[in-house]
file my_file-v3.pdb (PDB, C-alpha atoms)
ATOM      1  CA  ALA W  20       0.000   0.000   0.000
ATOM      2  CA  GLN W  21       1.148   3.513  -0.661
ATOM      3  CA  SER W  22       2.225   5.829   2.145
ATOM      4  CA  VAL W  23       3.313   9.434   2.555
ATOM      5  CA  THR W  24       5.774  10.818   5.079
ATOM      6  CA  GLN W  25       6.059  14.446   6.041
ATOM      7  CA  PRO W  26       8.928  14.447   8.521
ATOM      8  CA  ASP W  27       8.456  17.988   9.780
ATOM      9  CA  ILE W  28       5.443  18.424  12.049
ATOM     10  CA  HIS W  29       5.987  22.129  12.619
ATOM     11  CA  ILE W  30       8.167  24.702  10.849
ATOM     12  CA  THR W  31       8.670  28.368  11.697
ATOM     13  CA  VAL W  32      10.115  30.817   9.195
ATOM     14  CA  SER W  33      10.457  34.571   9.071
ATOM     15  CA  GLU W  34       8.426  36.511   6.570
ATOM     16  CA  GLY W  35      10.465  36.956   3.401
ATOM     17  CA  ALA W  36      12.577  33.869   4.037
ATOM     18  CA  SER W  37      12.574  30.868   1.751
ATOM     19  CA  LEU W  38      10.636  27.704   2.572
ATOM     20  CA  GLU W  39      10.983  24.023   1.819
ATOM     21  CA  LEU W  40       8.527  21.417   3.099
ATOM     22  CA  ARG W  41       9.537  17.813   2.723
ATOM     23  CA  CYS W  42       7.461  14.944   1.421
ATOM     24  CA  ASN W  43       8.478  11.340   0.763
ATOM     25  CA  TYR W  44       6.212   8.674  -0.609
ATOM     26  CA  SER W  45       6.290   4.927  -0.828
ATOM     27  CA  TYR W  46       4.818   3.316  -3.911
ATOM     28  CA  GLY W  47       6.019   0.842  -6.510
ATOM     29  CA  ALA W  48       5.497   3.095  -9.499
ATOM     30  CA  THR W  49       5.236   6.829 -10.036
ATOM     31  CA  PRO W  50       2.047   8.050  -8.437
ATOM     32  CA  TYR W  51       0.189  11.245  -8.997
ATOM     33  CA  LEU W  52       1.419  13.739  -6.396
ATOM     34  CA  PHE W  53      -0.307  16.693  -4.780
ATOM     35  CA  TRP W  54       0.219  19.449  -2.269
ATOM     36  CA  TYR W  55      -2.797  20.882  -0.459
ATOM     37  CA  VAL W  56      -3.033  23.767   1.998
ATOM     38  CA  GLN W  57      -5.529  24.026   4.832
ATOM     39  CA  SER W  58      -6.135  27.222   6.777
ATOM     40  CA  PRO W  59      -7.779  26.975  10.213
ATOM     41  CA  GLY W  60     -11.406  25.951   9.906
ATOM     42  CA  GLN W  61     -11.152  25.694   6.129
ATOM     43  CA  GLY W  62     -11.221  22.866   3.642
ATOM     44  CA  LEU W  63      -8.309  21.707   1.553
ATOM     45  CA  GLN W  64      -7.107  23.883  -1.315
ATOM     46  CA  LEU W  65      -4.987  22.390  -4.076
ATOM     47  CA  LEU W  66      -1.638  24.160  -4.423
ATOM     48  CA  LEU W  67      -0.122  22.084  -7.209
ATOM     49  CA  LYS W  68       0.025  18.628  -8.731
ATOM     50  CA  TYR W  69       2.405  16.374 -10.606
ATOM     51  CA  PHE W  70       1.138  13.818 -13.087
ATOM     52  CA  SER W  71       4.017  13.406 -15.552
ATOM     53  CA  GLY W  72       6.492  15.384 -17.626
ATOM     54  CA  ASP W  73       8.531  18.265 -16.268
ATOM     55  CA  THR W  74       9.549  17.369 -12.731
ATOM     56  CA  LEU W  75       9.397  20.964 -11.530
ATOM     57  CA  VAL W  76       5.805  22.083 -11.247
ATOM     58  CA  GLN W  77       4.428  25.503 -10.528
ATOM     59  CA  GLY W  78       1.375  26.119  -8.425
ATOM     60  CA  ILE W  79      -0.716  28.883  -7.021
ATOM     61  CA  LYS W  80       0.446  31.541  -4.563
ATOM     62  CA  GLY W  81       4.043  31.341  -5.800
ATOM     63  CA  PHE W  82       4.632  27.753  -4.695
ATOM     64  CA  GLU W  83       6.560  25.162  -6.667
ATOM     65  CA  ALA W  84       7.475  21.529  -6.094
ATOM     66  CA  GLU W  85      10.056  19.188  -7.535
ATOM     67  CA  PHE W  86       9.522  15.480  -8.131
ATOM     68  CA  LYS W  87      12.649  13.408  -7.607
ATOM     69  CA  ARG W  88      12.098   9.787  -8.554
ATOM     70  CA  SER W  89      15.433   8.601  -7.161
ATOM     71  CA  GLN W  90      14.552   9.979  -3.733
ATOM     72  CA  SER W  91      10.803   9.274  -3.859
ATOM     73  CA  SER W  92      10.334  12.887  -2.878
ATOM     74  CA  PHE W  93       8.069  15.749  -3.817
ATOM     75  CA  ASN W  94       9.230  18.744  -1.791
ATOM     76  CA  LEU W  95       7.335  22.013  -1.757
ATOM     77  CA  ARG W  96       9.203  25.305  -2.017
ATOM     78  CA  LYS W  97       8.579  29.014  -1.966
ATOM     79  CA  PRO W  98      11.321  31.624  -2.410
ATOM     80  CA  SER W  99       9.785  34.259  -0.129
ATOM     81  CA  VAL W 100       7.139  33.435   2.444
ATOM     82  CA  HIS W 101       4.297  35.822   3.280
ATOM     83  CA  TRP W 102       2.527  35.989   6.634
ATOM     84  CA  SER W 103      -0.650  34.775   4.918
ATOM     85  CA  ASP W 104       1.093  31.485   4.069
ATOM     86  CA  ALA W 105       0.752  30.361   7.680
ATOM     87  CA  ALA W 106      -1.361  27.197   7.485
ATOM     88  CA  GLU W 107      -1.195  23.401   7.472
ATOM     89  CA  TYR W 108       0.291  21.793   4.372
ATOM     90  CA  PHE W 109      -0.470  18.264   3.248
ATOM     91  CA  CYS W 110       1.285  16.138   0.684
ATOM     92  CA  ALA W 111      -0.813  13.428  -0.951
ATOM     93  CA  VAL W 112      -0.462  10.637  -3.456
ATOM     94  CA  TYR W 113      -3.086   9.099  -5.714
ATOM     95  CA  THR W 114      -2.808   5.722  -7.331
ATOM     96  CA  GLY W 115      -5.233   4.588  -9.949
ATOM     97  CA  THR W 116      -5.519   1.152  -8.441
ATOM     98  CA  ALA W 117      -6.897   2.575  -5.226
ATOM     99  CA  SER W 118      -8.787   5.586  -6.637
ATOM    100  CA  LYS W 119      -8.185   7.559  -3.468
ATOM    101  CA  LEU W 120      -5.767  10.075  -2.016
ATOM    102  CA  THR W 121      -3.367   9.036   0.715
ATOM    103  CA  PHE W 122      -2.230  11.993   2.806
ATOM    104  CA  GLY W 123       0.735  12.665   5.002
ATOM    105  CA  THR W 124       0.221  13.871   8.546
ATOM    106  CA  GLY W 125       0.842  17.468   7.543
ATOM    107  CA  THR W 126       3.325  20.222   8.336
ATOM    108  CA  ARG W 127       2.148  23.257  10.254
ATOM    109  CA  LEU W 128       3.834  26.427   8.998
ATOM    110  CA  GLN W 129       4.187  29.394  11.279
ATOM    111  CA  VAL W 130       5.410  32.712   9.869
ATOM    112  CA  THR W 131       7.005  35.287  12.124
ATOM    113  CA  LEU W 132       7.010  38.946  11.236
TER     114      LEU W 132
ATOM    115  CA  GLY A  28     -19.237  27.744 -10.522
ATOM    116  CA  ALA A  29     -20.220  26.372  -7.149
ATOM    117  CA  GLY A  30     -17.783  24.176  -5.330
ATOM    118  CA  VAL A  31     -18.405  21.207  -3.098
ATOM    119  CA  SER A  32     -20.743  22.074  -0.260
ATOM    120  CA  GLN A  33     -21.262  20.246   3.015
ATOM    121  CA  THR A  34     -23.929  20.590   5.644
ATOM    122  CA  PRO A  35     -23.998  21.134   8.503
ATOM    123  CA  SER A  36     -20.698  22.911   9.027
ATOM    124  CA  ASN A  37     -20.756  21.892  12.683
ATOM    125  CA  LYS A  38     -22.606  19.123  14.450
ATOM    126  CA  VAL A  39     -22.594  18.455  18.170
ATOM    127  CA  THR A  40     -24.242  15.279  19.351
ATOM    128  CA  GLU A  41     -24.333  13.003  22.343
ATOM    129  CA  LYS A  42     -22.759   9.600  22.561
ATOM    130  CA  GLY A  43     -25.067   6.949  21.171
ATOM    131  CA  LYS A  44     -27.000   9.260  18.856
ATOM    132  CA  TYR A  45     -27.415   8.946  15.091
ATOM    133  CA  VAL A  46     -26.070  11.616  12.729
ATOM    134  CA  GLU A  47     -26.240  12.349   9.026
ATOM    135  CA  LEU A  48     -23.740  14.468   7.151
ATOM    136  CA  ARG A  49     -24.534  15.763   3.683
ATOM    137  CA  CYS A  50     -22.335  16.469   0.688
ATOM    138  CA  ASP A  51     -23.253  18.260  -2.541
ATOM    139  CA  PRO A  52     -20.564  17.665  -5.168
ATOM    140  CA  ILE A  53     -19.628  19.883  -8.056
ATOM    141  CA  SER A  54     -22.195  19.576 -10.812
ATOM    142  CA  GLY A  55     -21.187  16.954 -13.345
ATOM    143  CA  HIS A  56     -18.669  15.221 -11.124
ATOM    144  CA  THR A  57     -19.441  11.531 -11.086
ATOM    145  CA  ALA A  58     -16.902  10.533  -8.443
ATOM    146  CA  LEU A  59     -17.443  11.402  -4.796
ATOM    147  CA  TYR A  60     -15.206  10.683  -1.811
ATOM    148  CA  TRP A  61     -15.539  10.894   1.955
ATOM    149  CA  TYR A  62     -12.517  11.407   4.185
ATOM    150  CA  ARG A  63     -12.154  11.786   7.947
ATOM    151  CA  GLN A  64      -9.618  14.114   9.509
ATOM    152  CA  SER A  65      -8.879  13.623  13.173
ATOM    153  CA  LEU A  66      -7.140  16.328  15.178
ATOM    154  CA  GLY A  67      -3.519  16.701  14.152
ATOM    155  CA  GLN A  68      -3.776  14.176  11.350
ATOM    156  CA  GLY A  69      -4.117  14.168   7.610
ATOM    157  CA  PRO A  70      -7.407  13.183   6.008
ATOM    158  CA  GLU A  71      -8.056   9.447   5.848
ATOM    159  CA  PHE A  72     -10.116   7.816   3.141
ATOM    160  CA  LEU A  73     -13.499   6.403   4.069
ATOM    161  CA  ILE A  74     -15.471   5.622   0.923
ATOM    162  CA  TYR A  75     -15.556   6.326  -2.820
ATOM    163  CA  PHE A  76     -18.598   6.470  -5.066
ATOM    164  CA  GLN A  77     -18.620   6.259  -8.818
ATOM    165  CA  GLY A  78     -22.131   7.256  -9.758
ATOM    166  CA  THR A  79     -24.650   5.721  -7.384
ATOM    167  CA  GLY A  80     -22.571   2.770  -6.271
ATOM    168  CA  ALA A  81     -19.868   2.550  -3.649
ATOM    169  CA  ALA A  82     -16.820   1.482  -5.634
ATOM    170  CA  ASP A  83     -14.597   1.245  -2.571
ATOM    171  CA  ASP A  84     -15.745   1.324   1.047
ATOM    172  CA  SER A  85     -12.584  -0.161   2.504
ATOM    173  CA  GLY A  86     -11.937   2.886   4.690
ATOM    174  CA  LEU A  87     -15.157   2.731   6.697
ATOM    175  CA  PRO A  88     -13.979   1.899  10.238
ATOM    176  CA  ASN A  89     -16.885  -0.353  11.220
ATOM    177  CA  ASP A  90     -20.504  -1.127  10.463
ATOM    178  CA  ARG A  91     -21.756   1.928  12.347
ATOM    179  CA  PHE A  92     -20.682   3.962   9.323
ATOM    180  CA  PHE A  93     -22.702   3.911   6.124
ATOM    181  CA  ALA A  94     -22.964   6.193   3.101
ATOM    182  CA  VAL A  95     -25.406   6.510   0.239
ATOM    183  CA  ARG A  96     -25.643   8.367  -3.032
ATOM    184  CA  PRO A  97     -29.025   7.319  -4.391
ATOM    185  CA  GLU A  98     -29.194   9.575  -7.448
ATOM    186  CA  GLY A  99     -25.516   9.869  -8.230
ATOM    187  CA  SER A 100     -25.210  13.409  -6.954
ATOM    188  CA  VAL A 101     -25.783  14.280  -3.284
ATOM    189  CA  SER A 102     -24.298  11.881  -0.765
ATOM    190  CA  THR A 103     -25.103  11.310   2.888
ATOM    191  CA  LEU A 104     -22.708   9.823   5.406
ATOM    192  CA  LYS A 105     -24.585   8.159   8.237
ATOM    193  CA  ILE A 106     -23.131   7.278  11.610
ATOM    194  CA  GLN A 107     -25.083   5.152  14.061
ATOM    195  CA  ARG A 108     -24.536   4.925  17.822
ATOM    196  CA  THR A 109     -21.896   7.658  17.744
ATOM    197  CA  GLU A 110     -18.855   7.343  19.985
ATOM    198  CA  ARG A 111     -16.528  10.031  21.283
ATOM    199  CA  GLY A 112     -13.824   8.651  18.998
ATOM    200  CA  ASP A 113     -15.944   9.604  15.988
ATOM    201  CA  SER A 114     -15.264  13.270  16.707
ATOM    202  CA  ALA A 115     -13.421  14.639  13.680
ATOM    203  CA  VAL A 116     -13.819  16.771  10.591
ATOM    204  CA  TYR A 117     -15.538  14.869   7.818
ATOM    205  CA  LEU A 118     -14.462  16.019   4.385
ATOM    206  CA  CYS A 119     -16.173  15.379   1.097
ATOM    207  CA  ALA A 120     -14.505  15.654  -2.295
ATOM    208  CA  SER A 121     -15.613  15.185  -5.873
ATOM    209  CA  SER A 122     -13.900  14.702  -9.208
ATOM    210  CA  ARG A 123     -14.605  13.998 -12.828
ATOM    211  CA  LYS A 124     -14.799  10.311 -13.587
ATOM    212  CA  ALA A 125     -11.513   8.564 -12.833
ATOM    213  CA  SER A 126      -9.640  11.863 -12.457
ATOM    214  CA  PRO A 127      -7.043  11.995  -9.692
ATOM    215  CA  GLU A 128      -7.734  15.671  -9.059
ATOM    216  CA  GLN A 129     -10.245  15.979  -6.243
ATOM    217  CA  PHE A 130     -11.995  19.140  -5.099
ATOM    218  CA  PHE A 131     -12.769  19.360  -1.407
ATOM    219  CA  GLY A 132     -15.618  20.854   0.503
ATOM    220  CA  PRO A 133     -15.176  22.854   3.732
ATOM    221  CA  GLY A 134     -15.964  19.858   5.897
ATOM    222  CA  THR A 135     -18.341  19.087   8.737
ATOM    223  CA  ARG A 136     -16.887  19.232  12.220
ATOM    224  CA  LEU A 137     -18.528  16.488  14.295
ATOM    225  CA  THR A 138     -18.227  16.602  18.059
ATOM    226  CA  VAL A 139     -19.544  13.694  20.096
ATOM    227  CA  LEU A 140     -19.990  14.534  23.766
TER     228      LEU A 140
END

call {"tool": "encode", "arguments": {"input": "my_file-v3.pdb", "output": "structure tokens"}}
result
Amino acid sequence: AQSVTQPDIHITVSEGASLELRCNYSYGATPYLFWYVQSPGQGLQLLLKYFSGDTLVQGIKGFEAEFKRSQSSFNLRKPSVHWSDAAEYFCAVYTGTASKLTFGTGTRLQVTL
Amino acid sequence: GAGVSQTPSNKVTEKGKYVELRCDPISGHTALYWYRQSLGQGPEFLIYFQGTGAADDSGLPNDRFFAVRPEGSVSTLKIQRTERGDSAVYLCASSRKASPEQFFGPGTRLTVL
């Protein structure tokens, strides 16, 4: 069965600093990969997705992620964090055989001014 | 267009009671998913509908949980004899047929006292 690991439970960065959130997955083939963001009391918003092709994908709000097959990773990055980016971030994988998303446990991002 | 909607947004009930949670998917989306998000965790898959039928209900924790989608649109998640451990946010998502990209509703926060 597929699994997703987000090793960082909580990250604090200063506004304007760069950000990288880690995600590793376990699956026999290349899955579809997603990053979602969840603000307090809100649902999940899709930031970006990787299906195939270029391994560097661009998303909304200035986020990007890079798929690295050799490391089974799909890390999320942003060059300059804004205070409004404070939220919970979830990495997820989808496999056609299961027709469902499997999520990591999330990384809570705190932004200091 | 309208996104996925869920009602109620909050539900407080007493242990042993029966609850129903409703999900209205995006118009034209044939696939519908229910997930449960416990405090501090990522969403966990419960059940997946393709049209009116449950294509995969492997995530339902026990037989107290049941879901229906009688006309292939609105879905209702039903929980019998609620327990305190059922307290969580219940998320609904929909997608086009067999698409890995799922669109989430705002969730229903269930609290069992």

call {"tool": "atom_distance", "arguments": {"input": "my_file-v3.pdb", "atom1": "CA of Gln129 in chain A", "atom2": "CA of Ile30 in chain W"}}
result
26.6 Å

call {"tool": "residues_around", "arguments": {"input": "my_file-v3.pdb", "residues": "Glu34 in chain W", "least_positions_apart": "4", "cutoff": "9 Å", "atoms": "all atoms listed in the file", "output": "short mmCIF file (atom, residue, chain, number, x, y, z; two decimals) with C-alpha atoms, in the coordinates of the input"}}
result
data_model
loop_
_atom_site.label_atom_id
_atom_site.label_comp_id
_atom_site.auth_asym_id
_atom_site.auth_seq_id
_atom_site.Cartn_x
_atom_site.Cartn_y
_atom_site.Cartn_z
CA SER W 99 9.78 34.26 -0.13
CA VAL W 100 7.14 33.44 2.44
CA HIS W 101 4.30 35.82 3.28
CA TRP W 102 2.53 35.99 6.63
CA VAL W 130 5.41 32.71 9.87
CA THR W 131 7.00 35.29 12.12
CA LEU W 132 7.01 38.95 11.24
#

call {"tool": "interface_residues", "arguments": {"input": "my_file-v3.pdb", "of": "chain W", "to": "chain A", "cutoff": "8 Å", "atoms": "all atoms listed in the file", "output": "mmCIF file with C-alpha atoms, keeping the file's coordinate frame"}}
result
data_model
loop_
_atom_site.group_PDB
_atom_site.id
_atom_site.type_symbol
_atom_site.label_atom_id
_atom_site.label_comp_id
_atom_site.auth_asym_id
_atom_site.auth_seq_id
_atom_site.Cartn_x
_atom_site.Cartn_y
_atom_site.Cartn_z
ATOM 1 C CA TYR W 51 0.189 11.245 -8.997
ATOM 2 C CA GLY W 60 -11.406 25.951 9.906
ATOM 3 C CA GLN W 61 -11.152 25.694 6.129
ATOM 4 C CA GLY W 62 -11.221 22.866 3.642
ATOM 5 C CA LEU W 63 -8.309 21.707 1.553
ATOM 6 C CA GLN W 64 -7.107 23.883 -1.315
ATOM 7 C CA LEU W 65 -4.987 22.390 -4.076
ATOM 8 C CA PHE W 109 -0.470 18.264 3.248
ATOM 9 C CA TYR W 113 -3.086 9.099 -5.714
ATOM 10 C CA THR W 114 -2.808 5.722 -7.331
ATOM 11 C CA GLY W 115 -5.233 4.588 -9.949
ATOM 12 C CA SER W 118 -8.787 5.586 -6.637
ATOM 13 C CA LYS W 119 -8.185 7.559 -3.468
ATOM 14 C CA LEU W 120 -5.767 10.075 -2.016
ATOM 15 C CA THR W 121 -3.367 9.036 0.715
ATOM 16 C CA PHE W 122 -2.230 11.993 2.806
ATOM 17 C CA GLY W 123 0.735 12.665 5.002
ATOM 18 C CA THR W 124 0.221 13.871 8.546
ATOM 19 C CA GLY W 125 0.842 17.468 7.543
#

call {"tool": "residues_near_point", "arguments": {"input": "my_file-v3.pdb", "point": "(2.7, 13.5, -10.9)", "cutoff": "7 Å", "atoms": "all atoms listed in the file", "output": "ChimeraX atom specification"}}
result
/W:50-52,68-71

call {"tool": "resolve_selection", "arguments": {"input": "my_file-v3.pdb", "expression": "the PyMOL selection byres ((chain A and resi 92-100) around 10)", "output": "PyMOL selection string"}}
result
chain A and resi 46-59+61+73-81+84+86-91+101-109+113+121

call {"tool": "residues_around", "arguments": {"input": "my_file-v3.pdb", "residues": "range 84-96 of chain W", "least_positions_apart": "6", "cutoff": "6 Å", "atoms": "only C-alpha atoms", "output": "list in words"}}
result
Leu38, Glu39, Leu40, Arg41, Cys42, Asn43, Tyr44, Thr74, Leu75 and Val76 of chain W

call {"tool": "atom_distance", "arguments": {"input": "my_file-v3.pdb", "atom1": "CA of Phe82 in chain W", "atom2": "CA of Thr49 in chain W"}}
result
21.6 Å

call {"tool": "residues_around", "arguments": {"input": "my_file-v3.pdb", "residues": "Ala105 in chain W", "least_positions_apart": "6", "cutoff": "9 Å", "atoms": "only C-alpha atoms", "output": "PyMOL selection string"}}
result
chain W and resi 58+127-130

call {"tool": "atom_distance", "arguments": {"input": "my_file-v3.pdb", "atom1": "CA of Ser103 in chain W", "atom2": "CA of Lys80 in chain W"}}
result
10.1 Å

call {"tool": "resolve_selection", "arguments": {"input": "my_file-v3.pdb", "expression": "the PyMOL selection byres ((chain W and resi 126) around 6)", "output": "PDB file with C-alpha atoms, in the coordinates of the input"}}
result
ATOM      1  CA  ASP W  27       8.456  17.988   9.780  1.00  0.00           C
ATOM      2  CA  ILE W  28       5.443  18.424  12.049  1.00  0.00           C
ATOM      3  CA  HIS W  29       5.987  22.129  12.619  1.00  0.00           C
ATOM      4  CA  GLU W 107      -1.195  23.401   7.472  1.00  0.00           C
ATOM      5  CA  TYR W 108       0.291  21.793   4.372  1.00  0.00           C
ATOM      6  CA  GLY W 125       0.842  17.468   7.543  1.00  0.00           C
ATOM      7  CA  ARG W 127       2.148  23.257  10.254  1.00  0.00           C
TER       8      ARG W 127
END

call {"tool": "build_atoms", "arguments": {"input": "my_file-v3.pdb", "residues": "range 92-102 of chain A", "atoms": "all heavy atoms", "output": "mmCIF file, in the coordinates of the input"}}
result
data_model
loop_
_atom_site.group_PDB
_atom_site.id
_atom_site.type_symbol
_atom_site.label_atom_id
_atom_site.label_comp_id
_atom_site.auth_asym_id
_atom_site.auth_seq_id
_atom_site.Cartn_x
_atom_site.Cartn_y
_atom_site.Cartn_z
ATOM 1 N N PHE A 92 -20.807 2.955 10.370
ATOM 2 C CA PHE A 92 -20.682 3.962 9.323
ATOM 3 C C PHE A 92 -21.289 3.434 8.026
ATOM 4 O O PHE A 92 -21.001 2.295 7.621
ATOM 5 C CB PHE A 92 -19.218 4.308 9.083
ATOM 6 C CG PHE A 92 -18.583 5.114 10.182
ATOM 7 C CD1 PHE A 92 -18.246 4.521 11.388
ATOM 8 C CD2 PHE A 92 -18.330 6.462 10.005
ATOM 9 C CE1 PHE A 92 -17.666 5.265 12.404
ATOM 10 C CE2 PHE A 92 -17.743 7.213 11.008
ATOM 11 C CZ PHE A 92 -17.410 6.607 12.204
ATOM 12 N N PHE A 93 -22.078 4.294 7.385
ATOM 13 C CA PHE A 93 -22.702 3.911 6.124
ATOM 14 C C PHE A 93 -22.880 5.164 5.272
ATOM 15 O O PHE A 93 -23.083 6.246 5.814
ATOM 16 C CB PHE A 93 -24.064 3.256 6.403
ATOM 17 C CG PHE A 93 -24.697 2.640 5.206
ATOM 18 C CD1 PHE A 93 -24.181 1.479 4.656
ATOM 19 C CD2 PHE A 93 -25.814 3.210 4.623
ATOM 20 C CE1 PHE A 93 -24.762 0.903 3.550
ATOM 21 C CE2 PHE A 93 -26.407 2.640 3.513
ATOM 22 C CZ PHE A 93 -25.881 1.483 2.971
ATOM 23 N N ALA A 94 -22.776 5.039 3.977
ATOM 24 C CA ALA A 94 -22.964 6.193 3.101
ATOM 25 C C ALA A 94 -23.796 5.786 1.902
ATOM 26 O O ALA A 94 -23.724 4.643 1.448
ATOM 27 C CB ALA A 94 -21.629 6.768 2.653
ATOM 28 N N VAL A 95 -24.563 6.752 1.404
ATOM 29 C CA VAL A 95 -25.406 6.510 0.239
ATOM 30 C C VAL A 95 -25.270 7.655 -0.741
ATOM 31 O O VAL A 95 -24.917 8.783 -0.365
ATOM 32 C CB VAL A 95 -26.888 6.324 0.639
ATOM 33 C CG1 VAL A 95 -27.054 5.082 1.512
ATOM 34 C CG2 VAL A 95 -27.422 7.560 1.350
ATOM 35 N N ARG A 96 -25.633 7.341 -1.977
ATOM 36 C CA ARG A 96 -25.643 8.367 -3.032
ATOM 37 C C ARG A 96 -26.713 7.929 -4.041
ATOM 38 O O ARG A 96 -26.395 7.538 -5.149
ATOM 39 C CB ARG A 96 -24.257 8.464 -3.682
ATOM 40 C CG ARG A 96 -24.067 9.717 -4.519
ATOM 41 C CD ARG A 96 -22.732 9.698 -5.237
ATOM 42 N NE ARG A 96 -22.506 10.940 -5.951
ATOM 43 C CZ ARG A 96 -21.636 11.076 -6.943
ATOM 44 N NH1 ARG A 96 -20.897 10.039 -7.327
ATOM 45 N NH2 ARG A 96 -21.481 12.243 -7.533
ATOM 46 N N PRO A 97 -27.945 7.977 -3.655
ATOM 47 C CA PRO A 97 -29.025 7.319 -4.391
ATOM 48 C C PRO A 97 -29.235 7.798 -5.821
ATOM 49 O O PRO A 97 -29.667 7.014 -6.664
ATOM 50 C CB PRO A 97 -30.265 7.584 -3.529
ATOM 51 C CG PRO A 97 -29.897 8.775 -2.705
ATOM 52 C CD PRO A 97 -28.420 8.699 -2.481
ATOM 53 N N GLU A 98 -28.945 9.067 -6.103
ATOM 54 C CA GLU A 98 -29.194 9.575 -7.448
ATOM 55 C C GLU A 98 -27.913 9.976 -8.158
ATOM 56 O O GLU A 98 -27.965 10.635 -9.195
ATOM 57 C CB GLU A 98 -30.174 10.750 -7.382
ATOM 58 C CG GLU A 98 -31.537 10.346 -6.831
ATOM 59 C CD GLU A 98 -32.509 11.508 -6.734
ATOM 60 O OE1 GLU A 98 -32.103 12.656 -7.030
ATOM 61 O OE2 GLU A 98 -33.658 11.266 -6.344
ATOM 62 N N GLY A 99 -26.792 9.592 -7.585
ATOM 63 C CA GLY A 99 -25.516 9.869 -8.230
ATOM 64 C C GLY A 99 -25.035 11.289 -8.084
ATOM 65 O O GLY A 99 -24.072 11.690 -8.755
ATOM 66 N N SER A 100 -25.665 12.044 -7.187
ATOM 67 C CA SER A 100 -25.210 13.409 -6.954
ATOM 68 C C SER A 100 -24.937 13.604 -5.462
ATOM 69 O O SER A 100 -23.846 13.306 -5.004
ATOM 70 C CB SER A 100 -26.246 14.410 -7.461
ATOM 71 O OG SER A 100 -25.824 15.728 -7.204
ATOM 72 N N VAL A 101 -25.933 14.062 -4.722
ATOM 73 C CA VAL A 101 -25.783 14.280 -3.284
ATOM 74 C C VAL A 101 -25.479 12.969 -2.576
ATOM 75 O O VAL A 101 -26.026 11.911 -2.916
ATOM 76 C CB VAL A 101 -27.068 14.915 -2.717
ATOM 77 C CG1 VAL A 101 -27.037 14.932 -1.200
ATOM 78 C CG2 VAL A 101 -27.270 16.302 -3.298
ATOM 79 N N SER A 102 -24.613 13.058 -1.575
ATOM 80 C CA SER A 102 -24.298 11.881 -0.765
ATOM 81 C C SER A 102 -24.531 12.204 0.704
ATOM 82 O O SER A 102 -24.366 13.352 1.148
ATOM 83 C CB SER A 102 -22.847 11.470 -0.967
ATOM 84 O OG SER A 102 -22.492 10.387 -0.115
#
